[in-house]
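So this block is input_10.cif, mmCIF, C-alpha atoms and all ligand atoms:
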```cif
data_structure
#
loop_
_atom_site.label_atom_id
_atom_site.label_comp_id
_atom_site.auth_asym_id
_atom_site.auth_seq_id
_atom_site.Cartn_x
_atom_site.Cartn_y
_atom_site.Cartn_z
CA MET B 1183 48.46 86.87 115.83
CA SER B 1184 51.94 85.97 114.63
CA THR B 1185 54.91 86.34 117.01
CA PRO B 1186 57.08 89.40 116.27
CA GLN B 1187 60.36 88.18 114.78
CA SER B 1188 62.36 89.53 117.72
CA LEU B 1189 60.40 87.28 120.10
CA ALA B 1190 60.57 84.18 117.91
CA PRO B 1191 62.55 81.35 119.51
CA LEU B 1192 66.31 81.64 119.10
CA ALA B 1193 67.84 79.40 116.45
CA SER B 1194 70.18 78.10 119.14
CA ALA B 1195 67.10 76.83 121.01
CA GLY B 1196 65.59 75.11 117.98
CA GLY B 1197 63.86 78.14 116.44
CA THR B 1198 64.06 79.09 112.79
CA PRO B 1199 67.20 81.10 111.98
CA VAL B 1200 66.66 84.64 110.70
CA ARG B 1201 68.39 83.57 107.49
CA ALA B 1202 68.27 80.23 105.73
CA GLU B 1203 71.83 80.66 104.41
CA PHE B 1204 74.94 81.77 106.22
CA LEU B 1205 75.97 85.39 105.59
CA PRO B 1206 79.76 85.72 105.87
CA LEU B 1207 81.55 88.73 107.34
CA ALA B 1208 83.03 89.73 104.00
CA LEU B 1209 83.20 88.47 100.43
CA PRO B 1210 85.35 89.77 97.60
CA TRP B 1211 83.63 90.93 94.42
CA ILE B 1212 85.61 89.85 91.39
CA GLY B 1213 84.01 91.02 88.14
CA GLU B 1214 84.36 90.03 84.50
CA ARG B 1215 86.92 92.79 83.95
CA GLU B 1216 89.26 91.38 86.61
CA LYS B 1217 88.93 87.91 85.10
CA GLN B 1218 89.63 89.25 81.61
CA LEU B 1219 92.72 91.14 82.81
CA VAL B 1220 94.02 88.06 84.63
CA LEU B 1221 93.53 85.87 81.55
CA GLU B 1222 95.28 88.43 79.36
CA THR B 1223 98.15 88.53 81.82
CA LEU B 1224 98.42 84.75 81.93
CA ASP B 1225 98.59 84.70 78.13
CA SER B 1226 101.03 87.58 77.92
CA GLY B 1227 104.12 85.62 78.88
CA TRP B 1228 104.81 88.00 81.79
CA ILE B 1229 103.24 86.81 85.01
CA THR B 1230 105.49 88.24 87.69
CA THR B 1231 106.13 91.89 88.63
CA GLY B 1232 105.82 94.04 85.54
CA ARG B 1233 103.72 96.74 83.98
CA HIS B 1234 100.50 95.85 85.87
CA ALA B 1235 102.24 96.03 89.24
CA GLN B 1236 103.82 99.32 88.23
CA GLU B 1237 100.50 100.70 87.06
CA LEU B 1238 98.70 99.59 90.22
CA GLY B 1239 101.34 101.33 92.34
CA ARG B 1240 101.05 104.49 90.25
CA ARG B 1241 97.27 104.54 90.39
CA VAL B 1242 97.07 103.92 94.12
CA ALA B 1243 99.53 106.79 94.62
CA ALA B 1244 97.43 109.05 92.38
CA MET B 1245 94.17 108.29 94.17
CA SER B 1246 95.75 108.77 97.59
CA GLY B 1247 97.47 112.04 96.72
CA ALA B 1248 101.02 110.71 96.94
CA LYS B 1249 103.88 111.14 94.47
CA HIS B 1250 105.12 107.53 94.48
CA GLY B 1251 103.37 104.18 94.90
CA LEU B 1252 104.84 100.70 95.07
CA ALA B 1253 102.63 97.62 94.79
CA VAL B 1254 103.82 94.83 97.08
CA ASN B 1255 102.51 91.45 98.20
CA SER B 1256 100.89 92.62 101.47
CA ALA B 1257 100.38 95.56 103.79
CA THR B 1258 102.60 93.70 106.23
CA GLY B 1259 105.38 93.78 103.64
CA ALA B 1260 104.73 97.48 103.00
CA LEU B 1261 104.95 98.24 106.74
CA HIS B 1262 108.11 96.17 107.18
CA LEU B 1263 109.78 97.83 104.19
CA SER B 1264 108.75 101.24 105.53
CA LEU B 1265 110.54 100.68 108.83
CA VAL B 1266 113.63 99.34 107.06
CA ALA B 1267 113.62 102.22 104.55
CA LEU B 1268 113.48 104.68 107.46
CA GLY B 1269 116.58 103.05 108.90
CA LEU B 1270 115.00 101.78 112.10
CA GLY B 1271 116.73 99.11 114.11
CA ARG B 1272 118.04 97.98 117.46
CA GLY B 1273 117.67 100.48 120.28
CA ASP B 1274 114.92 102.40 118.49
CA GLU B 1275 111.37 102.63 119.79
CA VAL B 1276 108.27 102.74 117.61
CA ILE B 1277 104.94 103.72 119.14
CA THR B 1278 101.80 101.96 117.94
CA SER B 1279 98.27 101.06 119.02
CA THR B 1280 97.24 98.05 121.05
CA TYR B 1281 94.00 97.91 119.07
CA THR B 1282 95.41 96.58 115.84
CA PHE B 1283 96.46 93.52 113.92
CA ALA B 1284 99.59 91.64 114.98
CA ALA B 1285 101.43 92.66 111.79
CA CYS B 1286 101.96 96.20 113.12
CA VAL B 1287 103.94 94.97 116.08
CA ASN B 1288 105.60 92.03 114.34
CA VAL B 1289 107.26 94.32 111.78
CA ILE B 1290 108.66 96.53 114.53
CA GLU B 1291 110.18 93.42 116.10
CA HIS B 1292 111.46 92.22 112.71
CA VAL B 1293 113.66 95.33 112.31
CA GLY B 1294 115.00 94.78 115.83
CA ALA B 1295 113.29 97.87 117.26
CA THR B 1296 111.17 97.95 120.40
CA PRO B 1297 107.39 98.25 120.02
CA VAL B 1298 105.83 100.71 122.47
CA VAL B 1299 102.16 99.87 122.59
CA VAL B 1300 99.63 102.45 123.79
CA ASP B 1301 95.91 102.80 124.45
CA ILE B 1302 93.21 104.18 122.17
CA GLU B 1303 90.40 106.73 122.09
CA ALA B 1304 86.97 105.44 123.09
CA ASP B 1305 85.02 106.70 120.08
CA THR B 1306 87.17 105.89 117.03
CA LEU B 1307 89.28 103.15 118.66
CA ASN B 1308 92.30 104.85 117.10
CA LEU B 1309 95.58 105.76 118.83
CA ASP B 1310 95.11 108.20 121.69
CA PRO B 1311 97.39 111.20 120.94
CA ASP B 1312 97.77 111.88 124.69
CA ALA B 1313 98.94 108.30 125.23
CA VAL B 1314 101.34 108.68 122.31
CA ALA B 1315 102.73 111.95 123.74
CA ALA B 1316 103.23 110.30 127.13
CA ALA B 1317 105.09 107.38 125.53
CA ILE B 1318 107.66 109.45 123.61
CA THR B 1319 111.22 109.02 124.91
CA PRO B 1320 114.64 110.05 123.56
CA ARG B 1321 114.73 106.62 121.84
CA THR B 1322 111.44 107.06 119.95
CA ARG B 1323 112.11 107.05 116.20
CA ALA B 1324 108.68 106.71 114.55
CA LEU B 1325 104.93 106.46 115.07
CA LEU B 1326 103.09 103.57 113.45
CA THR B 1327 99.52 104.83 113.35
CA VAL B 1328 96.46 102.73 112.47
CA ASP B 1329 93.29 103.89 110.73
CA TYR B 1330 90.93 101.51 112.50
CA GLY B 1331 88.08 100.18 110.39
CA GLY B 1332 88.76 102.85 107.73
CA HIS B 1333 88.48 105.89 110.03
CA PRO B 1334 91.72 107.93 109.92
CA ALA B 1335 93.41 108.43 113.29
CA ASP B 1336 93.51 111.92 114.80
CA TYR B 1337 96.17 113.41 112.52
CA GLY B 1338 95.11 116.90 113.59
CA ARG B 1339 97.00 116.08 116.78
CA LEU B 1340 99.33 113.29 115.68
CA LEU B 1341 100.99 115.21 112.83
CA PRO B 1342 102.04 118.24 114.95
CA LEU B 1343 103.14 115.90 117.74
CA ALA B 1344 105.28 113.89 115.33
CA ARG B 1345 106.65 117.05 113.70
CA ASN B 1346 107.59 118.61 117.04
CA HIS B 1347 109.59 115.51 117.95
CA GLY B 1348 111.06 114.98 114.48
CA LEU B 1349 109.32 111.61 114.13
CA PRO B 1350 108.15 110.14 110.82
CA ILE B 1351 104.66 108.65 110.73
CA VAL B 1352 104.18 105.28 109.08
CA GLU B 1353 100.44 105.08 108.55
CA ASP B 1354 98.82 101.66 108.54
CA ALA B 1355 95.94 102.34 106.18
CA ALA B 1356 95.25 98.65 105.56
CA HIS B 1357 91.56 99.52 106.12
CA ALA B 1358 91.56 103.04 104.77
CA LEU B 1359 92.07 103.16 101.02
CA GLY B 1360 89.78 105.94 99.79
CA ALA B 1361 89.40 107.59 103.21
CA ARG B 1362 89.99 111.30 103.80
CA TRP B 1363 91.29 113.23 106.78
CA GLY B 1364 89.72 116.62 106.21
CA GLU B 1365 90.35 117.47 102.58
CA ARG B 1366 93.43 115.28 102.44
CA PRO B 1367 93.25 111.75 101.11
CA VAL B 1368 94.79 109.06 103.29
CA GLY B 1369 98.22 108.57 101.75
CA SER B 1370 98.98 112.28 101.32
CA TYR B 1371 100.36 113.36 104.71
CA ALA B 1372 102.31 110.56 106.44
CA ALA B 1373 105.95 109.80 105.60
CA ILE B 1374 104.83 106.44 104.22
CA THR B 1375 101.32 104.96 104.05
CA ALA B 1376 100.60 101.24 103.71
CA PHE B 1377 97.45 99.80 102.12
CA SER B 1378 96.23 96.20 102.11
CA PHE B 1379 94.66 94.36 99.18
CA TYR B 1380 93.95 91.23 101.23
CA ALA B 1381 90.91 89.13 100.22
CA THR B 1382 88.44 90.96 102.47
CA LYS B 1383 89.73 94.51 101.98
CA ASN B 1384 87.92 97.35 100.18
CA LEU B 1385 90.06 96.65 97.13
CA THR B 1386 91.52 93.19 96.76
CA THR B 1387 94.14 91.32 94.79
CA GLY B 1388 93.66 88.18 96.91
CA GLU B 1389 96.89 89.01 98.70
CA GLY B 1390 98.62 92.31 98.10
CA GLY B 1391 99.32 95.80 99.30
CA ALA B 1392 101.02 99.06 98.49
CA ALA B 1393 103.28 101.67 100.04
CA VAL B 1394 102.91 105.30 99.00
CA THR B 1395 105.13 108.27 99.78
CA ASP B 1396 106.02 111.76 98.55
CA ASP B 1397 109.68 111.29 99.35
CA ASP B 1398 111.84 110.42 96.33
CA ALA B 1399 114.63 108.80 98.35
CA LEU B 1400 112.23 106.69 100.44
CA ALA B 1401 110.39 105.59 97.29
CA GLU B 1402 113.67 104.46 95.77
CA ARG B 1403 114.66 102.53 98.90
CA LEU B 1404 111.24 100.89 99.19
CA ALA B 1405 111.40 99.69 95.59
CA ILE B 1406 114.91 98.29 95.94
CA LEU B 1407 114.20 96.66 99.30
CA SER B 1408 111.04 95.02 97.94
CA LEU B 1409 113.04 92.92 95.46
CA HIS B 1410 116.18 91.49 97.10
CA GLY B 1411 117.92 94.87 97.33
CA MET B 1412 118.62 94.74 93.60
CA ASN B 1413 118.93 98.13 92.00
CA ARG B 1414 115.85 99.65 90.51
CA ASP B 1415 114.27 98.10 87.43
CA ALA B 1416 116.15 94.84 87.94
CA TRP B 1417 112.73 93.24 87.45
CA LYS B 1418 113.07 94.16 83.76
CA ARG B 1419 116.09 91.95 83.21
CA TYR B 1420 114.19 89.35 81.14
CA THR B 1421 112.55 91.92 78.88
CA ALA B 1422 113.94 93.23 75.59
CA ALA B 1423 114.45 96.57 77.34
CA GLY B 1424 116.23 94.99 80.30
CA SER B 1425 119.84 94.19 81.03
CA TRP B 1426 121.22 91.00 82.61
CA TYR B 1427 123.35 93.12 84.93
CA TYR B 1428 122.16 94.22 88.32
CA GLU B 1429 123.72 95.08 91.64
CA VAL B 1430 122.52 94.35 95.15
CA THR B 1431 122.83 97.61 97.01
CA MET B 1432 121.21 96.62 100.32
CA PRO B 1433 119.92 93.43 101.98
CA GLY B 1434 116.43 93.28 100.56
CA TYR B 1435 113.31 91.20 100.82
CA LYS B 1436 110.93 89.39 98.44
CA TYR B 1437 107.82 91.50 98.75
CA ASN B 1438 107.06 92.22 95.08
CA LEU B 1439 103.54 91.74 93.68
CA SER B 1440 102.98 89.54 90.63
CA ASP B 1441 101.29 90.99 87.57
CA VAL B 1442 98.61 88.28 87.77
CA LEU B 1443 97.46 89.70 91.10
CA ALA B 1444 98.08 93.31 90.11
CA ALA B 1445 95.74 92.74 87.15
CA ILE B 1446 92.94 91.93 89.61
CA GLY B 1447 93.70 95.18 91.42
CA ILE B 1448 93.55 97.24 88.24
CA GLY B 1449 90.14 95.75 87.42
CA GLN B 1450 89.00 96.44 90.99
CA LEU B 1451 90.18 100.07 90.79
CA GLU B 1452 87.81 100.70 87.90
CA ARG B 1453 84.92 99.88 90.25
CA PHE B 1454 86.37 101.24 93.46
CA ASP B 1455 84.20 104.38 93.62
CA GLU B 1456 81.13 102.23 93.14
CA PHE B 1457 82.31 99.80 95.85
CA GLN B 1458 82.71 102.73 98.25
CA ARG B 1459 79.32 104.18 97.36
CA LEU B 1460 77.73 100.81 98.11
CA ARG B 1461 79.57 100.50 101.43
CA HIS B 1462 78.32 103.95 102.47
CA ALA B 1463 74.73 103.05 101.54
CA LEU B 1464 74.90 99.80 103.53
CA VAL B 1465 76.34 101.67 106.50
CA ALA B 1466 73.52 104.24 106.34
CA ARG B 1467 71.03 101.39 106.53
CA TYR B 1468 72.85 99.77 109.45
CA HIS B 1469 72.94 103.11 111.28
CA GLU B 1470 69.23 103.63 110.77
CA ARG B 1471 68.15 100.14 111.78
CA LEU B 1472 70.58 99.57 114.66
CA GLY B 1473 70.17 103.13 115.92
CA ALA B 1474 66.77 102.00 117.16
CA ILE B 1475 68.31 99.35 119.46
CA PRO B 1476 69.57 101.11 122.62
CA GLU B 1477 71.75 98.16 123.67
CA ILE B 1478 73.88 98.56 120.55
CA GLY B 1479 76.56 101.26 120.20
CA LEU B 1480 77.27 102.33 116.61
CA PRO B 1481 80.63 103.19 115.05
CA VAL B 1482 81.24 106.94 114.95
CA THR B 1483 82.58 109.23 112.26
CA ARG B 1484 84.28 112.38 113.47
CA GLU B 1485 83.64 115.77 111.90
CA GLY B 1486 85.48 116.25 108.62
CA ILE B 1487 86.37 112.59 108.12
CA GLY B 1488 85.75 110.70 104.91
CA HIS B 1489 85.33 107.15 106.23
CA ALA B 1490 86.43 104.20 104.10
CA TRP B 1491 84.03 101.88 105.95
CA HIS B 1492 86.12 98.76 105.75
CA LEU B 1493 84.53 97.46 108.95
CA TYR B 1494 81.22 97.94 110.72
CA PRO B 1495 82.05 97.32 114.40
CA ILE B 1496 79.30 97.64 116.99
CA ALA B 1497 79.70 97.86 120.77
CA LEU B 1498 77.40 95.83 123.02
CA ASP B 1499 76.06 97.68 126.03
CA LEU B 1500 76.82 94.79 128.37
CA GLU B 1501 75.31 96.56 131.36
CA ARG B 1502 71.91 96.27 129.67
CA LEU B 1503 72.33 92.68 128.50
CA THR B 1504 72.51 89.32 130.25
CA LEU B 1505 74.95 87.72 127.79
CA ASP B 1506 78.60 88.35 127.00
CA ARG B 1507 80.19 89.04 123.63
CA ALA B 1508 81.17 85.41 123.00
CA ARG B 1509 77.58 84.27 123.52
CA PHE B 1510 76.27 87.10 121.33
CA ILE B 1511 78.52 85.93 118.49
CA GLN B 1512 77.42 82.34 119.03
CA GLU B 1513 73.75 83.34 118.89
CA LEU B 1514 74.28 85.35 115.69
CA ARG B 1515 76.11 82.37 114.20
CA ALA B 1516 73.10 80.18 114.95
CA GLU B 1517 70.92 82.77 113.16
CA ASN B 1518 73.29 82.32 110.18
CA ILE B 1519 75.07 85.65 110.56
CA GLY B 1520 78.89 85.66 110.38
CA THR B 1521 80.77 88.14 112.55
CA SER B 1522 84.27 88.74 113.83
CA VAL B 1523 86.12 90.75 116.46
CA HIS B 1524 88.49 93.55 115.51
CA PHE B 1525 90.80 93.31 117.32
CA ILE B 1526 92.07 91.05 120.03
CA PRO B 1527 94.31 93.75 121.53
CA ILE B 1528 98.05 93.33 121.13
CA HIS B 1529 98.54 93.24 124.91
CA ARG B 1530 96.34 90.13 125.15
CA HIS B 1531 98.44 87.97 122.81
CA PRO B 1532 100.79 85.80 124.87
CA HIS B 1533 103.88 86.65 122.84
CA PHE B 1534 103.48 90.43 123.06
CA ARG B 1535 102.15 90.35 126.62
CA ASP B 1536 105.16 88.38 127.84
CA SER B 1537 107.99 89.78 125.72
CA LEU B 1538 106.90 93.42 126.07
CA ARG B 1539 105.62 92.95 129.64
CA LEU B 1540 102.23 94.42 128.81
CA ASP B 1541 99.57 94.61 131.48
CA ALA B 1542 95.89 94.85 130.58
CA ALA B 1543 95.43 97.46 133.32
CA SER B 1544 97.49 99.89 131.21
CA PHE B 1545 94.92 99.72 128.40
CA PRO B 1546 91.54 100.46 130.01
CA VAL B 1547 89.95 101.91 126.88
CA ALA B 1548 91.02 99.04 124.64
CA GLU B 1549 89.96 96.50 127.28
CA ARG B 1550 86.49 97.99 127.49
CA ALA B 1551 86.17 98.20 123.69
CA TYR B 1552 87.39 94.65 123.17
CA GLU B 1553 84.92 93.12 125.64
CA ARG B 1554 82.04 94.73 123.74
CA ALA B 1555 83.23 94.58 120.14
CA VAL B 1556 81.47 92.68 117.39
CA THR B 1557 82.15 93.34 113.71
CA LEU B 1558 79.09 92.85 111.50
CA PRO B 1559 79.15 91.81 107.83
CA LEU B 1560 79.96 94.61 105.38
CA PHE B 1561 80.90 94.17 101.73
CA PRO B 1562 79.66 95.87 98.56
CA ARG B 1563 78.00 92.74 97.20
CA MET B 1564 75.68 92.62 100.24
CA SER B 1565 72.09 93.59 99.61
CA ALA B 1566 69.87 95.85 101.70
CA ARG B 1567 67.98 92.64 102.55
CA ASP B 1568 71.20 91.15 103.94
CA VAL B 1569 71.65 94.21 106.17
CA ASP B 1570 68.06 93.83 107.32
CA ASP B 1571 68.71 90.17 108.15
CA VAL B 1572 71.71 91.13 110.26
CA CYS B 1573 69.69 93.82 112.04
CA ASP B 1574 66.77 91.45 112.58
CA ALA B 1575 69.14 88.88 114.05
CA VAL B 1576 70.82 91.47 116.30
CA GLY B 1577 67.37 92.69 117.41
CA LYS B 1578 66.23 89.14 118.08
CA VAL B 1579 69.25 88.23 120.19
CA VAL B 1580 69.08 91.54 122.10
CA ALA B 1581 65.34 91.01 122.77
CA HIS B 1582 66.05 87.62 124.30
CA PHE B 1583 68.90 88.83 126.50
CA ARG B 1584 67.68 92.26 127.53
CA ARG B 1585 68.05 92.95 131.28
C1 LIG B 1601 95.22 97.03 110.73
C2 LIG B 1601 95.89 96.04 109.83
N1 LIG B 1601 97.16 96.22 109.49
C3 LIG B 1601 97.82 95.37 108.68
C4 LIG B 1601 97.20 94.26 108.18
C5 LIG B 1601 97.98 93.31 107.31
O1 LIG B 1601 97.51 93.32 105.99
P1 LIG B 1601 98.04 92.24 104.97
O2 LIG B 1601 97.26 90.99 105.17
O3 LIG B 1601 97.81 92.86 103.61
O4 LIG B 1601 99.49 92.05 105.24
C6 LIG B 1601 95.87 94.01 108.49
C7 LIG B 1601 95.20 92.83 107.97
O5 LIG B 1601 94.09 92.53 108.15
C8 LIG B 1601 95.19 94.92 109.35
O6 LIG B 1601 93.92 94.71 109.70
#
```
Here is a file; write its structure as structure tokens.
Amino acid sequence: MSTPQSLAPLASAGGTPVRAEFLPLALPWIGEREKQLVLETLDSGWITTGRHAQELGRRVAAMSGAKHGLAVNSATGALHLSLVALGLGRGDEVITSTYTFAACVNVIEHVGATPVVVDIEADTLNLDPDAVAAAITPRTRALLTVDYGGHPADYGRLLPLARNHGLPIVEDAAHALGARWGERPVGSYAAITAFSFYATKNLTTGEGGAAVTDDDALAERLAILSLHGMNRDAWKRYTAAGSWYYEVTMPGYKYNLSDVLAAIGIGQLERFDEFQRLRHALVARYHERLGAIPEIGLPVTREGIGHAWHLYPIALDLERLTLDRARFIQELRAENIGTSVHFIPIHRHPHFRDSLRLDAASFPVAERAYERAVTLPLFPRMSARDVDDVCDAVGKVVAHFRR
């Protein structure tokens, strides 16, 4: 009788890996259309910010239910511009999650404001509205919310909380393009929403991002701030329709997106619905296969949420296993499965821990989540067979380290 795969020797101990070839955490999917649009742009004589960047901004706004959209060179840039456009600075406090990427806190520091970092909810790993409420002081000026993994935060509670305190929400939807909170698309309810088009994101331009808003004045400020503070449409100054004259009306930044990259985004948008459909199908397969392994906790989707499924993070039930998360990742790596951890909490990074005097004991939910978190591969170009390989590898490692 042959050995069941889960009991086969671990690759780390000289056994055959579940896969012959390494499966990375995420791969972009650049099609012929994107390549064609990039080549056309390169030949067009206009390779910096222009009509493609404008169109990408417009289309991202339209799909996310916002009036205005500005394509920029990263979500980080979009978040930074948002805080500047809202007039935040020294003496102001901005509340955000500890379970996020460093960019969220860096941009608060960049405007001179004070980041106030709070704990998360155990199921979605999004900002805990109770922790946010407890952190509000007379100096609080904004909430920087995060839609972890593509699951919108609890806006049913965060929006009224923000409204009651007169606080704008800047929504970090780096993971959440295409997600819905109830009937409302992500991008349609916060003061400003930032999306990322980084290489691994649901829609990519290699590097890129967008800020969307319904507010005319904020949209104007974002656009001006994104290009040196030059008045609007200064980017046209080398076109026949443009003028050489411009004025700098505020100290701006250089966060504009080139048309070469925007062209990739426009090609990607044509396939975005298909990308999302594929992500959902892969997730359904993961849920079904991993749901049969009691040592593995699956990501949850709350009632009424349209998940963007940027990430597929599992939680190891360490009480039922004899290995820790680092070893689990190492074993999966030996089986040729790439993984990552989202996120190393903000309070664990030396800079934030020391400068903001953050103590891990103040973040029990994030601490527990972090110790157990492993993000599995998820990208539209993955096959069902790839998902099965990941699940076989997870099952194999669990079988070897079951208590
Ligand atoms: C939650 C979150 N916010 C912001 C960013 C920054 O995105 P970008 O690389 O487009 O600046 C990332 C990047 O991975 C992220 O995960």
Item to complete: List the neighbours of segment 1331-1344 of chain B out to 10 Å using all atoms listed in the file; skip same-chain residues closer than 6 positions along the sequence, and give me the result as an MDAnalysis selection string.
Response: chainID B and resid 1282 1302:1303 1306:1312 1314:1315 1318 1323:1325 1350:1351 1353:1364 1367:1368 1371:1372 1384 1481:1484 1487:1495 1524 1557
Discussion item. Around ligand LIG 1601 (chain B), out to 7 Å and counting only C-alpha atoms and all ligand atoms, which residues are there? I want them as a ChimeraX atom specification.
Written reply: /B:1256-1259,1282-1283,1285-1286,1328,1330,1354,1356-1357,1378-1380,1389-1391
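Between atom CA of Leu1500 of chain B and atom CA of Val1576 of chain B there is a distance of 13.9 Å.
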Response to the item:
Residue with the minimum atom-to-atom distance to Arg1366 of chain B, picked from B:Ser1408, B:Ser1246, B:Ser1188, B:Thr1230 with only C-alpha atoms counted, is B:Ser1246
Fill in: 9 Å contact set for segment 1536-1547 of chain B, all atoms listed in the file, chain neighbours under 6 positions out, as a list in words
Thr1280, Thr1296, Pro1297, Val1298, Val1299, Val1300, Asp1301, Ile1302, Glu1303, Ala1304, Leu1307, Ile1528, His1529 and Arg1530 of chain B
Worksheet item: Out of B:Leu1189, B:Ala1551, B:Ile1277, B:Ala1295, which residue has the shortest atom-to-atom distance to Phe1525 of chain B when counting only C-alpha atoms?
Response: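 Closest to Phe1525 of chain B of all the choices is B:Ala1551.
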Discussion item. I'd like the neighbourhood of segment 1465-1477 of chain B as a ChimeraX atom specification, where a residue qualifies if any of its atoms comes within 7 Å (using only C-alpha atoms), though same-chain residues fewer than 2 positions away should be ignored.
Written reply: /B:1461-1463,1479-1480,1498-1499,1502,1569,1573
Discussion item. Calculated over all atoms listed in the file, which of the candidates B:Glu1517, B:Pro1320, B:Ile1212, B:Ala1581 has the smallest distance to Phe1457 of chain B?
Written reply: B:Ile1212
Item to complete: Could you tell me how far atom CA of Glu1513 of chain B lies from atom CA of Leu1558 of chain B, in Å and to one decimal?
Response: 13.2 Å
Practice prompt. To one decimal in Å, tell me the separation between atom CA of Pro1199 of chain B and atom CA of Asn1518 of chain B.
Written response: 6.5 Å
Edge lengths and centre in Å to one decimal, as lines of an AutoDock Vina configuration file, of the axis-aligned box that encloses all listed atoms of segment 1513-1520 of chain B with 8 Å added on every side?
```
center_x = 74.9
center_y = 82.9
center_z = 114.5
size_x = 24.0
size_y = 21.5
size_z = 24.7
```
Worksheet item: Between B:Met1432, B:Leu1407, B:Ala1208, B:Leu1252, which one has atoms that come closest to Ala1381 of chain B, using all atoms listed in the file?
Response: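 Among B:Met1432, B:Leu1407, B:Ala1208, B:Leu1252, it is B:Ala1208 that comes nearest to Ala1381 of chain B.
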